[in-house]
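This is structure-v3.cif. It holds mmCIF, C-alpha atoms and all ligand atoms.
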```
data_model
#
loop_
_atom_site.label_atom_id
_atom_site.label_comp_id
_atom_site.auth_asym_id
_atom_site.auth_seq_id
_atom_site.Cartn_x
_atom_site.Cartn_y
_atom_site.Cartn_z
CA MET A 1 12.28 14.88 -20.37
CA ASN A 2 12.88 16.08 -16.83
CA ASN A 3 15.68 13.71 -15.97
CA ASN A 4 15.84 14.65 -12.31
CA LEU A 5 12.13 14.12 -11.82
CA TYR A 6 12.34 10.74 -13.57
CA LYS A 7 15.21 9.63 -11.34
CA TYR A 8 13.45 11.00 -8.31
CA ILE A 9 10.32 8.95 -8.99
CA LEU A 10 12.39 5.79 -9.50
CA GLY A 11 14.05 6.41 -6.14
CA ILE A 12 10.66 6.30 -4.45
CA ALA A 13 9.15 3.52 -6.54
CA ASP A 14 12.10 1.11 -6.42
CA ASN A 15 11.96 1.00 -2.61
CA SER A 16 8.33 -0.11 -2.70
CA LEU A 17 8.84 -2.52 -5.62
CA ILE A 18 11.72 -4.37 -4.00
CA LEU A 19 10.10 -4.47 -0.56
CA GLY A 20 6.83 -5.56 -2.19
CA GLN A 21 8.66 -8.42 -3.90
CA ARG A 22 10.28 -9.47 -0.61
CA MET A 23 6.91 -9.54 1.14
CA GLY A 24 5.38 -11.34 -1.83
CA GLU A 25 7.95 -14.11 -1.38
CA LEU A 26 6.09 -15.05 1.80
CA THR A 27 2.94 -15.96 -0.14
CA GLY A 28 2.25 -19.49 1.01
CA HIS A 29 5.29 -19.40 3.32
CA GLY A 30 4.16 -17.13 6.18
CA PRO A 31 4.51 -18.48 9.72
CA SER A 32 0.71 -18.66 10.09
CA LEU A 33 -2.20 -18.20 7.73
CA GLU A 34 -3.02 -14.76 9.12
CA THR A 35 0.51 -13.40 8.88
CA ASP A 36 0.87 -14.95 5.44
CA ILE A 37 -2.21 -13.03 4.27
CA ALA A 38 -1.04 -9.86 6.01
CA CYS A 39 2.36 -9.94 4.30
CA THR A 40 0.73 -10.56 0.93
CA ASN A 41 -1.64 -7.66 1.55
CA ILE A 42 1.26 -5.36 2.34
CA SER A 43 2.98 -6.54 -0.80
CA LEU A 44 -0.13 -5.82 -2.84
CA ASP A 45 -0.46 -2.30 -1.40
CA LEU A 46 3.16 -1.58 -2.28
CA PHE A 47 2.78 -2.93 -5.82
CA GLY A 48 -0.34 -0.83 -6.25
CA GLN A 49 1.54 2.30 -5.22
CA VAL A 50 4.43 1.33 -7.44
CA ARG A 51 2.18 1.13 -10.50
CA SER A 52 1.12 4.74 -10.07
CA TYR A 53 4.75 5.86 -9.74
CA TYR A 54 6.01 3.87 -12.74
CA GLN A 55 3.08 4.98 -14.91
CA TYR A 56 4.05 8.54 -14.12
CA ALA A 57 7.74 7.82 -14.74
CA ALA A 58 6.88 6.24 -18.10
CA LYS A 59 4.97 9.35 -19.08
CA ILE A 60 7.92 11.56 -18.20
CA ALA A 61 10.43 9.29 -19.96
CA GLY A 62 8.25 9.53 -23.08
CA ASP A 63 10.39 7.01 -24.96
CA GLY A 64 7.73 4.37 -25.49
CA ARG A 65 8.61 2.35 -22.39
CA THR A 66 5.66 1.25 -20.28
CA GLU A 67 5.35 0.97 -16.50
CA ASP A 68 6.18 -2.74 -16.86
CA ASP A 69 9.32 -2.09 -18.89
CA ILE A 70 10.59 0.28 -16.22
CA ALA A 71 9.73 -2.08 -13.38
CA MET A 72 10.92 -5.29 -14.99
CA LEU A 73 13.61 -4.62 -17.55
CA ARG A 74 16.30 -2.60 -15.86
CA LYS A 75 19.64 -4.07 -14.83
CA GLU A 76 20.69 -4.46 -11.22
CA ARG A 77 22.85 -1.33 -11.20
CA GLU A 78 19.92 0.71 -12.54
CA TYR A 79 17.76 0.05 -9.48
CA VAL A 80 18.11 2.80 -6.90
CA ASN A 81 16.30 1.33 -3.89
CA VAL A 82 17.92 1.57 -0.46
CA LEU A 83 19.85 -1.48 0.74
CA LEU A 84 17.43 -2.03 3.62
CA VAL A 85 14.52 -3.20 1.48
CA GLU A 86 16.49 -5.80 -0.48
CA GLN A 87 17.67 -7.66 2.64
CA PRO A 88 16.37 -11.23 2.70
CA ASN A 89 13.54 -12.76 4.74
CA THR A 90 16.03 -14.48 7.06
CA ASP A 91 13.35 -15.28 9.64
CA PHE A 92 10.08 -13.66 10.64
CA ALA A 93 11.86 -11.34 13.08
CA HIS A 94 14.07 -10.03 10.26
CA THR A 95 11.05 -9.69 7.96
CA MET A 96 9.14 -7.62 10.51
CA ALA A 97 12.17 -5.60 11.61
CA ARG A 98 12.92 -4.69 7.99
CA GLN A 99 9.27 -3.78 7.46
CA PHE A 100 9.14 -1.68 10.61
CA LEU A 101 12.40 0.17 9.91
CA PHE A 102 11.09 1.01 6.46
CA ASP A 103 7.45 1.75 7.43
CA VAL A 104 8.43 4.46 9.92
CA TYR A 105 10.51 6.16 7.23
CA HIS A 106 7.91 5.56 4.53
CA LEU A 107 5.09 7.20 6.46
CA LEU A 108 7.18 10.25 7.43
CA PHE A 109 8.31 10.53 3.81
CA LEU A 110 4.80 10.31 2.34
CA GLN A 111 3.44 12.86 4.81
CA GLU A 112 5.97 15.33 3.36
CA LEU A 113 5.51 14.20 -0.25
CA GLU A 114 1.82 14.97 0.10
CA LYS A 115 2.84 18.65 0.26
CA SER A 116 4.74 18.38 -3.04
CA LYS A 117 4.11 20.96 -5.76
CA ASP A 118 3.88 18.04 -8.16
CA LEU A 119 0.20 17.14 -8.11
CA ASN A 120 0.73 13.57 -9.33
CA LEU A 121 3.19 12.77 -6.57
CA SER A 122 1.07 14.51 -4.00
CA ALA A 123 -1.98 12.44 -5.04
CA ILE A 124 -0.10 9.14 -4.91
CA ALA A 125 1.31 10.08 -1.50
CA LYS A 126 -2.09 10.97 -0.13
CA LYS A 127 -3.51 7.65 -1.27
CA SER A 128 -0.55 5.67 0.06
CA ILE A 129 -0.45 7.29 3.51
CA LYS A 130 -3.63 5.51 4.50
CA GLU A 131 -2.25 2.14 3.49
CA VAL A 132 1.19 2.63 4.97
CA SER A 133 -0.32 3.62 8.35
CA TYR A 134 -1.77 0.10 8.45
CA HIS A 135 1.62 -1.39 7.58
CA GLN A 136 3.32 0.51 10.36
CA ARG A 137 0.66 -0.49 12.85
CA PHE A 138 1.14 -4.14 11.88
CA SER A 139 4.95 -4.16 11.93
CA SER A 140 5.21 -2.14 15.19
CA ASP A 141 2.85 -4.62 16.74
CA TRP A 142 5.16 -7.51 15.83
CA ILE A 143 8.24 -5.69 17.12
CA LYS A 144 6.46 -5.43 20.46
CA ARG A 145 5.08 -8.96 20.48
CA LEU A 146 8.41 -10.58 19.68
CA GLY A 147 10.57 -8.09 21.59
CA ASP A 148 8.47 -8.28 24.71
CA GLY A 149 7.65 -11.97 24.21
CA THR A 150 9.61 -15.05 25.20
CA GLU A 151 13.35 -15.11 25.76
CA GLU A 152 13.83 -16.70 22.35
CA SER A 153 11.57 -14.31 20.45
CA HIS A 154 13.25 -11.38 22.19
CA GLN A 155 16.69 -12.58 21.16
CA LYS A 156 15.60 -13.15 17.56
CA MET A 157 14.10 -9.68 17.30
CA GLN A 158 17.15 -8.10 18.92
CA ASP A 159 19.40 -9.89 16.42
CA ALA A 160 17.23 -8.71 13.53
CA ILE A 161 17.30 -5.09 14.69
CA ASP A 162 21.06 -5.27 15.25
CA ASP A 163 21.59 -6.75 11.76
CA LEU A 164 19.41 -4.27 9.92
CA TRP A 165 20.34 -1.15 11.86
CA THR A 166 23.36 -0.58 9.64
CA TYR A 167 21.03 0.07 6.68
CA THR A 168 18.90 2.75 8.32
CA ASP A 169 21.15 5.77 7.84
CA GLU A 170 21.05 5.48 4.04
CA LEU A 171 17.35 6.41 4.12
CA PHE A 172 18.41 9.97 4.90
CA HIS A 173 21.10 10.41 2.24
CA GLN A 174 20.29 12.88 -0.51
CA THR A 175 21.00 12.08 -4.15
CA GLU A 176 21.60 14.74 -6.80
CA ALA A 177 18.04 14.20 -8.05
CA ASP A 178 16.77 14.64 -4.47
CA LYS A 179 18.56 17.96 -4.10
CA ALA A 180 17.26 19.26 -7.43
CA MET A 181 13.69 18.23 -6.60
CA VAL A 182 13.81 19.72 -3.11
CA LYS A 183 14.90 23.00 -4.69
CA GLU A 184 11.86 22.94 -6.96
CA GLY A 185 9.46 22.25 -4.13
CA ILE A 186 8.68 18.81 -5.57
CA GLY A 187 10.89 16.55 -3.49
CA VAL A 188 11.17 15.78 0.20
CA ASP A 189 14.26 16.82 2.13
CA VAL A 190 14.97 13.44 3.68
CA THR A 191 17.72 14.81 5.92
CA LYS A 192 14.99 16.57 7.89
CA LEU A 193 13.15 13.31 8.61
CA LYS A 194 16.04 11.72 10.45
CA ASP A 195 15.53 13.01 14.01
CA ASN A 196 11.86 12.24 13.97
CA TYR A 197 12.54 8.78 12.53
CA TYR A 198 14.95 7.66 15.23
CA GLN A 199 12.72 9.13 17.90
CA ILE A 200 9.77 6.99 16.76
CA VAL A 201 11.87 3.88 16.15
CA ASN A 202 13.66 4.17 19.48
CA SER A 203 10.46 4.62 21.43
CA VAL A 204 8.95 1.45 19.90
CA LEU A 205 12.17 -0.45 20.64
CA GLU A 206 12.14 0.74 24.24
CA GLU A 207 8.51 -0.22 24.63
CA SER A 208 9.42 -3.65 23.26
CA THR A 209 12.25 -4.03 25.84
CA LEU A 210 14.77 -4.08 22.98
CA SER A 211 18.02 -2.20 23.16
CA ILE A 212 18.84 0.48 20.63
CA PRO A 213 21.95 -0.53 18.65
CA LYS A 214 24.98 1.61 19.43
CA SER A 215 26.91 0.99 16.22
CA LYS A 216 27.74 4.13 14.29
CA TYR A 217 28.85 2.22 11.20
CA PHE A 218 26.31 2.45 8.40
CA GLN A 219 26.12 0.85 4.95
CA LYS A 220 25.18 2.83 1.88
CA GLY A 221 25.16 2.52 -1.91
CA GLY A 222 21.69 1.41 -2.97
CA LYS A 223 20.66 4.91 -4.00
CA GLN A 224 23.65 4.94 -6.39
CA GLY A 225 22.86 1.48 -7.75
CA ILE A 226 25.58 -0.26 -5.70
CA HIS A 227 23.71 -3.13 -4.09
CA THR A 228 24.27 -6.01 -1.71
CA GLU A 229 24.53 -9.48 -3.24
CA HIS A 230 20.88 -10.13 -2.40
CA LEU A 231 19.36 -7.88 -5.05
CA GLY A 232 20.58 -9.92 -8.01
CA TYR A 233 18.81 -13.05 -6.76
CA LEU A 234 15.65 -11.08 -6.07
CA LEU A 235 15.67 -9.60 -9.57
CA SER A 236 16.21 -12.96 -11.22
CA ASP A 237 12.93 -14.07 -9.60
CA LEU A 238 11.13 -10.81 -10.30
CA GLN A 239 12.21 -10.59 -13.93
CA TYR A 240 12.17 -14.27 -14.81
CA MET A 241 9.03 -14.28 -16.96
CA GLN A 242 9.90 -11.11 -18.87
CA ARG A 243 13.47 -12.27 -19.51
CA THR A 244 12.49 -15.79 -20.52
CA TYR A 245 9.44 -14.90 -22.59
CA PRO A 246 10.05 -11.30 -23.67
CA ASN A 247 6.87 -9.18 -23.95
CA MET A 248 4.67 -11.91 -22.52
CA GLU A 249 1.33 -10.73 -21.12
CA TRP A 250 -1.22 -12.41 -18.90
CA MET B 251 -30.67 4.86 -5.74
CA ASN B 252 -29.06 6.51 -2.79
CA LYS B 253 -28.80 10.24 -2.30
CA LEU B 254 -25.49 10.10 -0.48
CA MET B 255 -23.66 8.96 -3.57
CA ILE B 256 -25.02 11.80 -5.66
CA GLU B 257 -23.77 14.35 -3.16
CA HIS B 258 -20.10 13.50 -3.29
CA ALA B 259 -19.80 12.64 -6.98
CA ASP B 260 -20.79 14.27 -10.24
CA ILE B 261 -23.01 11.85 -12.10
CA ASP B 262 -25.67 12.37 -14.78
CA THR B 263 -28.94 10.89 -13.54
CA GLU B 264 -29.66 9.19 -16.87
CA LEU B 265 -26.44 7.17 -16.59
CA ILE B 266 -27.23 5.80 -13.13
CA PRO B 267 -29.26 2.75 -14.30
CA ILE B 268 -26.32 1.56 -16.40
CA LEU B 269 -23.71 2.18 -13.70
CA ASP B 270 -25.97 0.39 -11.27
CA GLN B 271 -25.55 -2.86 -13.24
CA VAL B 272 -21.87 -3.08 -12.39
CA SER B 273 -20.76 -4.53 -9.07
CA ASP B 274 -17.49 -5.12 -7.28
CA PRO B 275 -16.23 -8.51 -8.55
CA GLU B 276 -15.02 -9.46 -5.07
CA ILE B 277 -18.17 -8.31 -3.25
CA PRO B 278 -20.90 -8.95 -5.84
CA VAL B 279 -23.70 -7.58 -3.61
CA LEU B 280 -22.12 -4.15 -3.75
CA THR B 281 -22.67 -2.04 -6.86
CA ILE B 282 -19.90 0.35 -7.80
CA LEU B 283 -22.25 3.25 -7.04
CA ASP B 284 -22.88 1.97 -3.53
CA MET B 285 -19.15 1.48 -3.22
CA GLY B 286 -18.54 5.13 -4.10
CA VAL B 287 -15.82 4.48 -6.66
CA VAL B 288 -17.59 6.35 -9.47
CA ARG B 289 -16.46 9.96 -9.16
CA TYR B 290 -17.80 11.38 -12.38
CA ALA B 291 -20.07 10.23 -15.18
CA LYS B 292 -21.25 12.64 -17.89
CA LEU B 293 -22.52 12.41 -21.39
CA VAL B 294 -20.48 14.83 -23.51
CA ASP B 295 -21.11 14.93 -27.29
CA ASN B 296 -22.38 11.36 -27.45
CA GLU B 297 -19.46 10.04 -25.44
CA VAL B 298 -19.74 8.96 -21.83
CA MET B 299 -16.83 10.22 -19.72
CA ILE B 300 -16.25 8.22 -16.56
CA LYS B 301 -13.85 8.78 -13.70
CA LEU B 302 -13.23 5.93 -11.29
CA THR B 303 -11.13 5.96 -8.14
CA PRO B 304 -9.51 2.87 -6.62
CA THR B 305 -10.36 1.82 -3.08
CA TYR B 306 -6.85 0.60 -2.29
CA SER B 307 -3.84 1.22 -4.60
CA GLY B 308 -3.27 -2.44 -5.27
CA CYS B 309 -6.91 -3.40 -5.59
CA PRO B 310 -6.94 -5.97 -8.41
CA ALA B 311 -10.69 -5.46 -8.82
CA MET B 312 -10.13 -2.03 -10.40
CA ASP B 313 -9.18 -3.36 -13.83
CA VAL B 314 -12.18 -5.69 -13.85
CA ILE B 315 -14.51 -2.89 -12.76
CA SER B 316 -13.16 -0.66 -15.48
CA ASP B 317 -13.72 -3.37 -18.13
CA ASP B 318 -17.22 -4.09 -16.80
CA VAL B 319 -18.21 -0.41 -16.91
CA LYS B 320 -16.94 -0.18 -20.47
CA ALA B 321 -18.89 -3.26 -21.48
CA ALA B 322 -22.10 -2.05 -19.80
CA PHE B 323 -22.05 1.27 -21.65
CA GLU B 324 -21.10 -0.24 -24.97
CA LYS B 325 -23.95 -2.70 -24.65
CA ALA B 326 -26.29 0.24 -24.05
CA GLY B 327 -25.00 1.80 -27.27
CA TYR B 328 -22.69 4.47 -25.86
CA LYS B 329 -19.13 5.37 -26.69
CA VAL B 330 -17.24 5.47 -23.42
CA SER B 331 -13.90 6.61 -22.07
CA ILE B 332 -12.69 5.79 -18.58
CA ASP B 333 -10.09 7.58 -16.48
CA LEU B 334 -8.63 6.44 -13.19
CA VAL B 335 -8.24 9.30 -10.71
CA LEU B 336 -6.42 9.30 -7.35
CA THR B 337 -7.68 12.54 -5.81
CA PRO B 338 -9.63 12.99 -3.73
CA ALA B 339 -8.63 9.64 -2.28
CA TRP B 340 -11.44 7.16 -1.74
CA THR B 341 -12.84 6.89 1.77
CA THR B 342 -15.19 4.35 3.33
CA ASP B 343 -17.50 7.32 4.02
CA TRP B 344 -18.50 7.08 0.38
CA ILE B 345 -20.05 3.66 0.83
CA SER B 346 -23.81 4.32 0.77
CA GLU B 347 -26.30 3.24 3.46
CA GLU B 348 -27.60 0.61 1.00
CA GLY B 349 -24.03 -0.52 0.50
CA ARG B 350 -23.43 -0.87 4.24
CA ASP B 351 -26.59 -2.95 4.61
CA ALA B 352 -25.61 -5.12 1.66
CA LEU B 353 -22.18 -5.71 3.16
CA GLU B 354 -23.61 -6.78 6.50
CA LYS B 355 -26.08 -9.18 4.89
CA TYR B 356 -23.24 -10.61 2.84
CA GLY B 357 -21.26 -11.36 6.00
CA ILE B 358 -18.88 -8.41 6.03
CA ALA B 359 -19.18 -6.02 8.98
CA PRO B 360 -19.36 -2.44 7.63
CA PRO B 361 -16.65 0.08 8.62
CA LEU B 362 -16.89 1.88 11.97
CA GLU B 363 -15.97 5.53 12.51
CA ALA B 364 -12.23 6.26 12.51
CA ASP B 365 -11.68 6.28 16.29
CA ALA B 366 -13.76 3.19 16.91
CA ASP B 367 -12.03 1.49 13.98
CA LYS B 368 -8.64 2.12 15.56
CA ASP B 369 -9.80 0.63 18.85
CA ALA B 370 -11.21 -2.40 17.06
CA LEU B 371 -8.11 -3.01 14.94
CA LEU B 372 -5.74 -2.63 17.85
CA GLY B 373 -7.84 -5.15 19.74
CA ASN B 374 -8.52 -2.58 22.50
CA LYS B 375 -12.31 -2.76 22.41
CA ARG B 376 -14.82 -5.38 21.38
CA ILE B 377 -17.16 -3.31 19.25
CA VAL B 378 -17.36 -4.92 15.82
CA LYS B 379 -20.75 -6.59 15.49
CA CYS B 380 -20.85 -10.24 14.41
CA THR B 381 -22.57 -10.48 11.04
CA ASN B 382 -24.00 -13.85 11.97
CA CYS B 383 -25.58 -13.29 15.43
CA GLY B 384 -25.14 -9.58 16.10
CA SER B 385 -23.03 -10.07 19.23
CA GLN B 386 -20.32 -7.52 20.00
CA ASN B 387 -18.30 -10.14 21.82
CA THR B 388 -15.93 -10.46 18.87
CA LYS B 389 -12.16 -10.59 18.69
CA LEU B 390 -9.65 -9.41 16.13
CA VAL B 391 -7.91 -12.33 14.42
CA SER B 392 -5.84 -10.34 11.93
CA GLN B 393 -5.63 -6.73 10.78
CA PHE B 394 -5.35 -8.05 7.25
CA GLY B 395 -8.12 -10.16 5.74
CA SER B 396 -8.83 -11.93 2.47
CA THR B 397 -8.49 -8.68 0.50
CA ALA B 398 -6.69 -5.40 1.17
CA CYS B 399 -9.84 -3.67 2.40
CA LYS B 400 -10.75 -6.20 5.09
CA ALA B 401 -9.66 -7.40 8.54
CA LEU B 402 -10.48 -10.80 9.99
CA PHE B 403 -12.63 -11.16 13.13
CA GLN B 404 -14.19 -14.02 15.02
CA CYS B 405 -17.34 -14.06 17.15
CA GLU B 406 -16.76 -15.44 20.64
CA ASP B 407 -20.46 -16.23 21.07
CA CYS B 408 -21.42 -18.09 17.89
CA GLN B 409 -17.75 -18.75 16.97
CA GLU B 410 -18.31 -17.65 13.39
CA PRO B 411 -15.30 -16.02 11.67
CA PHE B 412 -16.16 -12.99 9.55
CA ASP B 413 -14.60 -10.09 7.64
CA TYR B 414 -14.66 -6.50 8.79
CA PHE B 415 -14.41 -3.73 6.20
CA LYS B 416 -11.64 -1.45 7.48
CA CYS B 417 -12.31 2.25 7.86
CA LEU B 418 -10.30 4.29 5.39
CA LYS B 419 -10.18 8.07 5.67
ZN ZN C 1 -21.77 -14.37 16.36
#
```
Show me, as structure tokens, the structure contained in the file I just sent.
Ligand SMILES: [Zn+2]
Amino acid sequence: MNNNLYKYILGIADNSLILGQRMGELTGHGPSLETDIACTNISLDLFGQVRSYYQYAAKIAGDGRTEDDIAMLRKEREYVNVLLVEQPNTDFAHTMARQFLFDVYHLLFLQELEKSKDLNLSAIAKKSIKEVSYHQRFSSDWIKRLGDGTEESHQKMQDAIDDLWTYTDELFHQTEADKAMVKEGIGVDVTKLKDNYYQIVNSVLEESTLSIPKSKYFQKGGKQGIHTEHLGYLLSDLQYMQRTYPNMEW
Amino acid sequence: MNKLMIEHADIDTELIPILDQVSDPEIPVLTILDMGVVRYAKLVDNEVMIKLTPTYSGCPAMDVISDDVKAAFEKAGYKVSIDLVLTPAWTTDWISEEGRDALEKYGIAPPLEADADKDALLGNKRIVKCTNCGSQNTKLVSQFGSTACKALFQCEDCQEPFDYFKCLK
């Protein structure tokens, strides 16, 4: 088994799985029917992408585990998603800010992954780009509507951006698996996405009359399996059925 | 049977009548051939080999479609094996003319060209035609509709809400 490739795929898939679960939590709880449906749709897109990644990972692992086993039966420290995506749905401003800060990265990342020498990853990326462009359009729109909205909506969005900003830098940290995969022409060099990322993010913030956070202190750890306290609660929801009724199917 | 579909996919003519019996479970007026999700269908040594491509990654209809295709061929006495392929990625261009008509009659506005689609989904231009009265005086309600492939619109003339099938390229 190509251990680096396996880890590399999990790094991509876990981000989408955890964010998909967060967005799925809004099913029936969105602020309006339309946004509720939109968040569920985004969740569904992410889960769809995740299936392709985990199926591929299961094939590489070759130890009899299925896509579901990999998605559902790992322990907290074995998830390697970035801290940003596990942050809770504090309010709708936080939900959209988290989505936006991830979408901009996600799209830039997939546009590079499409060029991967690994044909499976390239195909998944190509398929996902179309969907993620919709996500980014939706979340950018909400940044602008709330940022450039009422005094209260502006303040809430500013607070959300300020809170989540500290998790953005981790997106551009390379793991050992990243470095190995970049060398083989399979992986994306995330360090090269950084300038472009902040340029896009900052221009949307400016357009939304929001100020760009000045803090230079950034949190990290998710990519090494060191998570914030929020992930455990998320996983207990996500894994509940499989843990309570092992091997159940529906 | 539409010619368009035959051009972009590799399908044995004799298999078309069987494939034509299977429709999208969420849009029953649309057969999977009109939808353009059948990429390949060939009879090789008494076994039918099928390649299907999903419209959207998370489309829950894909598993049902795959089961329905299997059932249709088995009922017709064939052995069948089905593969899901991701490349080339599905595009709304593969929906046939018949499919577009069927969508409109069913109350779903068919996809516009990419540029027009962008204008419509950003709410910049009122160009999506109401499926009820044909008016273009329609407004975007939400970029995301009842399923991943649709956006929600409302007609400002007859007031009818309707789905718009988003352009995907
Ligand atoms: Zn009308």
Selection near Lys220 of chain A, 12 Å with only C-alpha atoms, sequence-local residues under 4 positions removed, as a count of residues only: 21
Test item: residues at most 12 Å from Trp340 of chain B, only C-alpha atoms, excluding those fewer than 2 positions along its chain, as number ranges by chain: A: 123-124, 126-128, 130-131; B: 258-259, 285-289, 302-307, 334-338, 342-345, 399, 417-419
Distance filter 12 Å, all atoms listed in the file, chain A against chain B, as number ranges by chain: A: 20, 32-53, 55, 114, 119-142
Taking all atoms listed in the file into account, which residues have an atom no farther than 12 Å from ligand ZN 1 (chain C)? I'd like them as a PDB file with C-alpha atoms, in the coordinates of the input.
```
ATOM      1  CA  GLY B 357     -21.260 -11.360   6.000  1.00  0.00           C
ATOM      2  CA  ALA B 359     -19.180  -6.020   8.980  1.00  0.00           C
ATOM      3  CA  VAL B 378     -17.360  -4.920  15.820  1.00  0.00           C
ATOM      4  CA  LYS B 379     -20.750  -6.590  15.490  1.00  0.00           C
ATOM      5  CA  CYS B 380     -20.850 -10.240  14.410  1.00  0.00           C
ATOM      6  CA  THR B 381     -22.570 -10.480  11.040  1.00  0.00           C
ATOM      7  CA  ASN B 382     -24.000 -13.850  11.970  1.00  0.00           C
ATOM      8  CA  CYS B 383     -25.580 -13.290  15.430  1.00  0.00           C
ATOM      9  CA  GLY B 384     -25.140  -9.580  16.100  1.00  0.00           C
ATOM     10  CA  SER B 385     -23.030 -10.070  19.230  1.00  0.00           C
ATOM     11  CA  GLN B 386     -20.320  -7.520  20.000  1.00  0.00           C
ATOM     12  CA  ASN B 387     -18.300 -10.140  21.820  1.00  0.00           C
ATOM     13  CA  THR B 388     -15.930 -10.460  18.870  1.00  0.00           C
ATOM     14  CA  LYS B 389     -12.160 -10.590  18.690  1.00  0.00           C
ATOM     15  CA  PHE B 403     -12.630 -11.160  13.130  1.00  0.00           C
ATOM     16  CA  GLN B 404     -14.190 -14.020  15.020  1.00  0.00           C
ATOM     17  CA  CYS B 405     -17.340 -14.060  17.150  1.00  0.00           C
ATOM     18  CA  GLU B 406     -16.760 -15.440  20.640  1.00  0.00           C
ATOM     19  CA  ASP B 407     -20.460 -16.230  21.070  1.00  0.00           C
ATOM     20  CA  CYS B 408     -21.420 -18.090  17.890  1.00  0.00           C
ATOM     21  CA  GLN B 409     -17.750 -18.750  16.970  1.00  0.00           C
ATOM     22  CA  GLU B 410     -18.310 -17.650  13.390  1.00  0.00           C
ATOM     23  CA  PRO B 411     -15.300 -16.020  11.670  1.00  0.00           C
ATOM     24  CA  PHE B 412     -16.160 -12.990   9.550  1.00  0.00           C
TER      25      PHE B 412
END
```
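Here atom CA of Leu19 of chain A stands at a distance of 24.0 Å from atom CA of Leu210 of chain A.
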Atom CA of Lys192 of chain A to atom CA of Met1 of chain A, straight-line distance in Å: 28.4 Å
For atom CA of Lys75 of chain A and atom CA of Asp63 of chain A, the interatomic separation in Å (one decimal): 17.6 Å
Contact table segment 171-211 of chain A vs segment 99-109 of chain A, cut-off 8 Å, shortest pair per residue, all atoms listed in the file, as a Markdown table:
```
| residue | atom | partner | partner_atom | distance |
| --- | --- | --- | --- | --- |
| A:Leu171 | CA | A:Tyr105 | CA | 7.5 |
| A:Val188 | CA | A:Phe109 | CA | 7.0 |
| A:Val190 | CA | A:Phe109 | CA | 7.3 |
| A:Leu193 | CA | A:Leu108 | CA | 6.8 |
| A:Tyr197 | CA | A:Tyr105 | CA | 6.3 |
| A:Ile200 | CA | A:Val104 | CA | 7.4 |
| A:Val201 | CA | A:Val104 | CA | 7.1 |
```
Test item: which residues lie within 12 Å of (-27.1, 1.0, -14.1) counting only C-alpha atoms, as a PyMOL selection string: chain B and resi 251+261-273+281-284+288+291+318-319+321-323+325-326
